[in-house]
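A short worksheet on the structure shown next.
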Amino acid sequence: MGIEKPVVLIVEDQKINRQILRNMLCLEYEVLEAENGADGLEILERRQKISAILLDVVMPVMDGYTFLTKLKGTAFSKIPVIVMTGDKDENAEQMTLDLGAWDFISKPYQSKALLTRLKNVIVRSQFYLMRQMKHAYEHDPLTDLYNRNTFFLETRRLLDSCPGESFALVRFDIDHFQIYNSFFGEEEGDRLLLYIAGLLRGVSAQFQPCTYGRIAADVFCVCIPFDRQKIEQYSQKACEELTAYNREYRIEPSFGIYAIRDAGENVQAMYDCAMLAAKDCKGKYLAVLSYYQPEMSTNALQEQRIINEMQNALETEQFEVYLQPKYDLKTERPYGAEALIRWKHPEKGMLLPRQFIPVFERNGFIGKVDFYMWEKVCALLRHWLDEGRKPEPISVNISRVNMYNPKLLELLLGLTRKYRIPPSLLPLELTESAYMQNPEVMQATVKSLQQAGFSVMMDDFGSGYSSLNTLKDIPVDVLKIDMNFLSGNADSQRSKCILTSVVRMAGWMSLPVIMEGVETRAQVEFLKDIGCGYAQGYYFAKPMQVSDYEALVEGVSQAPAVWESENLEEISRIIWCASPEAELLFNTICEPAAVCELLNGNLRALKVNPIFYEEFGDSNWIDAIALPGAKSGLSPEDAGRILKTLSGAGETKSEACCAFRMDNGGKKQKIELDARYWGLNENSMIFFLQFRKAGRA
């Protein structure tokens, strides 16, 4: 088979000129002919492999100028074009060059000059094509940064060229980038990636020498001189710029840093270490940067073993349902339970959730495990119903992955219908962090679940950075709080004050509270005192097998906790200023006035009017009345007299009054107190108090 000749297309309306050109070219080229620009375009569509075009300017139907214009932006725009004309007008030459022509020859044709120019433009076009192919092979098509392979090669060259210098490989990506893409669309997702590419190009101004590239999707990597302070400063700056990029969505990057100890190490291995470091800070608010530690590789191997075994474990039903009862704190009897997963491994024995759930959450397998657990619990509830039992609700956990599953409601309703159980027997526990990722989506999801009959619990309330705002926006049915949700010291006075406030706040919103992690009798008594409804923890019961749970509740009268309340809606409206009229009336009372709460002997001011502040400075002395050793300005006898008066008014649900002496800034005054019982919020009684000065004591 002979060597294939390059193809040249002649676009010329004069037949004699086409024949002259064919005779000049036929020994070295395959020649195609077109009578005008329109015919030339048709030939281009039919024959893709054309090496060059000889184009006349003046032609009928479609002239050379129009032909060049139509070529722009098409797949044929890279084909070199030599313009042929007998026109001596210099403007014509410039116009064709501006339209994309590569060269220009005049009639009559000189054979040697034509062949030389034709060969030159073809060689040039092949050189440009090879250079473009090389660039496309080495660069990412969206961002034009180095692609994965080129980044690794260039980083290898960089390290080899700088022996003795310290470098770091920094790998970073955007947390939950797929959600960002889903929320704003792929086009906006691409714009974000281009913005990040621009930030990376700025790295070269801060760090020299360096390499940088896009590894895949939203994953980028840079190799820069190791300067811990500069790296952390630049990472912080990048976080700020990403935050400013889109104020409607919190863009959170994760930076994994591998300080290169051995420059001869494989770059892929370096990248793997940086990737492990980036994983370490995933899901940790404000922890956007992590340095590689050797133990991360050990953990990665363990994680891979779990990944290798997880599908088989699901198919062979190695995952088991354990139940941890919830207890009504008033009766200290169980009421329902939470379904928790255990992995009964054939070789390693019983594995706890902390050993495998984080892995499933990272790789998305948690979605399948969730469904497995939901179905097991539904089947269990059906079994109990068939036995004639009257089961109480068994709550199940919903992972972040499934919270964003558009078919979540469909899946849950499918199971409850399949096993013929009411949705009210299957409360859903969702962690607070899942709510915060996209509150608007979560709000719609929660409402749809509630409308279908499911009860929705906010698990780990207080663990996030926007708890109160989340609670305001998303109408959950139950709060679950861990005893250690602050600093891990649930017995500290500070923790107790905050837990008390949260439980009371939930009471005003008619939200039941389940306190998790209850381990001591002292904690139980404390929770009772502050009006908490339910407790769950090792003090009462550890997670147990289904058979043990059945034995535990056998013959036990289970019932939901009941909270007493009187005038709760009216009191809430007045205290929290939902009514401008009520606020105006309260503030215009001409004597010091306060709304107070009495709970288990403890008094607390919920609201005071402006005159109260003028007379007493603040309301702290009211809160201190029942606190041993606190400075309230009252004698123990007077403090006791006030508490007794309030208790009497509460018992009779009426009014009571008393007089007491108070040291107010060094001035001893006699004060008369009128107390009116207003209502009941769970265990706390609400009073309206008015104070009058009765002269010096």
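Residue numbering restarts at 1 for every chain of the structure tokens, chains are lettered A, B, ... in their displayed order, and ligands are numbered from 1 as they appear.
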
>> I'd like the contact shell of stretch 349-366 of chain A - 10 Å cut-off, only C-alpha atoms, skipping same-chain residues fewer than 4 positions apart - returned as a PyMOL selection string.
In response: chain A and resi 279+282-283+300+302-304+306-307+310-311+318-320+340-345+370-372+398-402

What would the file look like if the residues just selected were written as a PDB file, in the first residue's frame with C-alpha atoms?
```pdb
ATOM      1  CA  LYS A 279     -10.134  13.096  55.059  1.00  0.00           C
ATOM      2  CA  LYS A 282     -13.920  16.233  56.868  1.00  0.00           C
ATOM      3  CA  GLY A 283     -17.094  17.122  58.727  1.00  0.00           C
ATOM      4  CA  ALA A 300      -6.715   3.653  55.914  1.00  0.00           C
ATOM      5  CA  GLN A 302      -8.379  -0.863  58.353  1.00  0.00           C
ATOM      6  CA  GLU A 303     -10.935   1.207  56.491  1.00  0.00           C
ATOM      7  CA  GLN A 304     -10.201  -0.642  53.253  1.00  0.00           C
ATOM      8  CA  ILE A 306     -14.157  -2.764  56.142  1.00  0.00           C
ATOM      9  CA  ILE A 307     -14.990  -1.610  52.612  1.00  0.00           C
ATOM     10  CA  MET A 310     -19.335  -4.486  53.887  1.00  0.00           C
ATOM     11  CA  GLN A 311     -21.424  -5.682  50.917  1.00  0.00           C
ATOM     12  CA  GLN A 318     -24.300  -9.822  59.713  1.00  0.00           C
ATOM     13  CA  PHE A 319     -25.760  -6.495  60.866  1.00  0.00           C
ATOM     14  CA  GLU A 320     -28.040  -6.851  63.892  1.00  0.00           C
ATOM     15  CA  LEU A 340     -28.867   0.798  67.059  1.00  0.00           C
ATOM     16  CA  ILE A 341     -26.734  -1.253  64.707  1.00  0.00           C
ATOM     17  CA  ARG A 342     -24.145  -3.893  65.624  1.00  0.00           C
ATOM     18  CA  TRP A 343     -21.938  -5.861  63.228  1.00  0.00           C
ATOM     19  CA  LYS A 344     -21.625  -9.512  64.246  1.00  0.00           C
ATOM     20  CA  HIS A 345     -18.436 -10.262  62.326  1.00  0.00           C
ATOM     21  CA  ASP A 370     -30.028   2.773  56.771  1.00  0.00           C
ATOM     22  CA  PHE A 371     -32.620   1.009  54.635  1.00  0.00           C
ATOM     23  CA  TYR A 372     -31.565  -2.370  56.017  1.00  0.00           C
ATOM     24  CA  ILE A 398     -31.526   8.768  59.142  1.00  0.00           C
ATOM     25  CA  SER A 399     -28.037   9.501  57.812  1.00  0.00           C
ATOM     26  CA  ARG A 400     -27.066  12.710  56.061  1.00  0.00           C
ATOM     27  CA  VAL A 401     -26.894  10.795  52.757  1.00  0.00           C
ATOM     28  CA  ASN A 402     -30.545   9.753  53.001  1.00  0.00           C
TER      29      ASN A 402
END
```

> Skipping near chain neighbours, those fewer than 2 positions away, what residues fall within 9 Å of A:Leu499 using only C-alpha atoms, listed as an MDAnalysis selection string?
Replying inline: chainID A and resid 481 483 490 494:497 501:504 527 530

> Separation of atom CA of A:Thr74 and atom CA of A:Ala92, in Å?
Replying inline: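 So the answer is 23.1 Å.
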
> Any idea what's packed within 6 Å of stretch 46-63 of chain A, counting only C-alpha atoms, ignoring anything in its chain fewer than 6 positions away? Could you give it as an MDAnalysis selection string?
Replying inline: chainID A and resid 6:13 36:38 79:85

Using only N, CA, C and O atoms, please write the residues we just selected to a file, as an mmCIF file, in the first residue's frame.
```cif
data_model
loop_
_atom_site.group_PDB
_atom_site.id
_atom_site.type_symbol
_atom_site.label_atom_id
_atom_site.label_comp_id
_atom_site.auth_asym_id
_atom_site.auth_seq_id
_atom_site.Cartn_x
_atom_site.Cartn_y
_atom_site.Cartn_z
ATOM 1 N N PRO A 6 -1.361 13.977 0.979
ATOM 2 C CA PRO A 6 -2.178 15.023 1.610
ATOM 3 C C PRO A 6 -3.233 15.517 0.632
ATOM 4 O O PRO A 6 -3.018 15.521 -0.588
ATOM 5 N N VAL A 7 -4.392 15.948 1.154
ATOM 6 C CA VAL A 7 -5.511 16.391 0.319
ATOM 7 C C VAL A 7 -5.569 17.915 0.318
ATOM 8 O O VAL A 7 -5.550 18.547 1.379
ATOM 9 N N VAL A 8 -5.663 18.512 -0.886
ATOM 10 C CA VAL A 8 -5.787 19.963 -1.032
ATOM 11 C C VAL A 8 -7.103 20.259 -1.742
ATOM 12 O O VAL A 8 -7.406 19.658 -2.773
ATOM 13 N N LEU A 9 -7.864 21.175 -1.190
ATOM 14 C CA LEU A 9 -9.140 21.593 -1.784
ATOM 15 C C LEU A 9 -8.931 22.921 -2.508
ATOM 16 O O LEU A 9 -8.481 23.900 -1.902
ATOM 17 N N ILE A 10 -9.262 22.958 -3.820
ATOM 18 C CA ILE A 10 -9.186 24.195 -4.606
ATOM 19 C C ILE A 10 -10.599 24.759 -4.718
ATOM 20 O O ILE A 10 -11.515 24.082 -5.204
ATOM 21 N N VAL A 11 -10.808 26.003 -4.254
ATOM 22 C CA VAL A 11 -12.106 26.668 -4.357
ATOM 23 C C VAL A 11 -11.918 27.844 -5.315
ATOM 24 O O VAL A 11 -11.385 28.895 -4.940
ATOM 25 N N GLU A 12 -12.334 27.639 -6.572
ATOM 26 C CA GLU A 12 -12.047 28.599 -7.654
ATOM 27 C C GLU A 12 -13.150 28.465 -8.699
ATOM 28 O O GLU A 12 -13.490 27.364 -9.122
ATOM 29 N N ASP A 13 -13.732 29.616 -9.139
ATOM 30 C CA ASP A 13 -14.847 29.538 -10.069
ATOM 31 C C ASP A 13 -14.402 29.331 -11.520
ATOM 32 O O ASP A 13 -15.179 28.850 -12.346
ATOM 33 N N ASN A 36 -17.296 27.238 -6.079
ATOM 34 C CA ASN A 36 -17.561 28.428 -5.261
ATOM 35 C C ASN A 36 -17.484 28.040 -3.777
ATOM 36 O O ASN A 36 -17.297 26.863 -3.429
ATOM 37 N N GLY A 37 -17.686 29.047 -2.904
ATOM 38 C CA GLY A 37 -17.553 28.803 -1.470
ATOM 39 C C GLY A 37 -18.570 27.826 -0.923
ATOM 40 O O GLY A 37 -18.265 27.002 -0.044
ATOM 41 N N ALA A 38 -19.820 27.876 -1.441
ATOM 42 C CA ALA A 38 -20.871 26.973 -0.961
ATOM 43 C C ALA A 38 -20.515 25.523 -1.262
ATOM 44 O O ALA A 38 -20.655 24.636 -0.402
ATOM 45 N N ILE A 79 -7.828 24.348 9.489
ATOM 46 C CA ILE A 79 -7.227 23.990 8.196
ATOM 47 C C ILE A 79 -6.575 25.241 7.600
ATOM 48 O O ILE A 79 -7.229 26.284 7.474
ATOM 49 N N PRO A 80 -5.298 25.186 7.215
ATOM 50 C CA PRO A 80 -4.644 26.374 6.644
ATOM 51 C C PRO A 80 -5.238 26.744 5.280
ATOM 52 O O PRO A 80 -5.500 25.880 4.450
ATOM 53 N N VAL A 81 -5.481 28.038 5.102
ATOM 54 C CA VAL A 81 -6.077 28.551 3.866
ATOM 55 C C VAL A 81 -5.095 29.531 3.216
ATOM 56 O O VAL A 81 -4.620 30.472 3.864
ATOM 57 N N ILE A 82 -4.813 29.289 1.923
ATOM 58 C CA ILE A 82 -4.013 30.235 1.127
ATOM 59 C C ILE A 82 -4.972 30.921 0.152
ATOM 60 O O ILE A 82 -5.657 30.259 -0.633
ATOM 61 N N VAL A 83 -5.020 32.238 0.212
ATOM 62 C CA VAL A 83 -5.938 33.007 -0.628
ATOM 63 C C VAL A 83 -5.250 33.338 -1.951
ATOM 64 O O VAL A 83 -4.088 33.764 -1.972
ATOM 65 N N MET A 84 -6.000 33.150 -3.063
ATOM 66 C CA MET A 84 -5.498 33.420 -4.420
ATOM 67 C C MET A 84 -6.336 34.535 -5.033
ATOM 68 O O MET A 84 -7.568 34.480 -4.986
ATOM 69 N N THR A 85 -5.687 35.534 -5.590
ATOM 70 C CA THR A 85 -6.429 36.622 -6.217
ATOM 71 C C THR A 85 -5.544 37.376 -7.191
ATOM 72 O O THR A 85 -4.323 37.404 -7.046
#
```

> Can you list, as a PyMOL selection string, every residue of stretch 57-180 of chain A that DSSP puts in alpha helix (DSSP H)?
Replying inline: chain A and resi 64-71+90-98+111-138+148-161+177-180

Long-range neighbours of A:Ala624 as an mmCIF file with C-alpha atoms, in the first residue's frame, 9 Å cut-off, only C-alpha atoms, 6 positions minimum in chain:
```cif
data_model
loop_
_atom_site.group_PDB
_atom_site.id
_atom_site.type_symbol
_atom_site.label_atom_id
_atom_site.label_comp_id
_atom_site.auth_asym_id
_atom_site.auth_seq_id
_atom_site.Cartn_x
_atom_site.Cartn_y
_atom_site.Cartn_z
ATOM 1 C CA ASN A 602 -35.643 27.709 92.344
ATOM 2 C CA LEU A 603 -36.852 31.160 91.288
ATOM 3 C CA ARG A 604 -35.966 32.762 87.962
ATOM 4 C CA ALA A 630 -25.708 33.860 96.803
ATOM 5 C CA LYS A 631 -25.890 37.602 97.386
ATOM 6 C CA SER A 632 -29.512 38.554 96.895
#
```

> Leaving out A:Thr211 and any residue of its chain fewer than 3 positions from it, which residues lie within 10 Å of it when counting only C-alpha atoms, given as a ChimeraX atom specification?
Replying inline: /A:145-146,150-158,169,200-201,203-204,207-208,221-224

>> Between atom CA of A:Phe612 and atom CA of A:Cys658, what is the distance in Å, rounded to a tenth?
In response: 18.0 Å

> From the set A:Ala559, A:Thr69, A:Leu409, A:Lys390, which residue has the shortest atom-to-atom contact distance to A:Arg333, counting only C-alpha atoms?
Replying inline: A:Ala559

>> If DSSP is run on the backbone, what residues of stretch 161-352 of chain A are strand (DSSP E)? A reply as an MDAnalysis selection string would be ideal.
In response: chainID A and resid 167:174 211:216 219:225 253:259 289:291 319:328 333:345 349:351
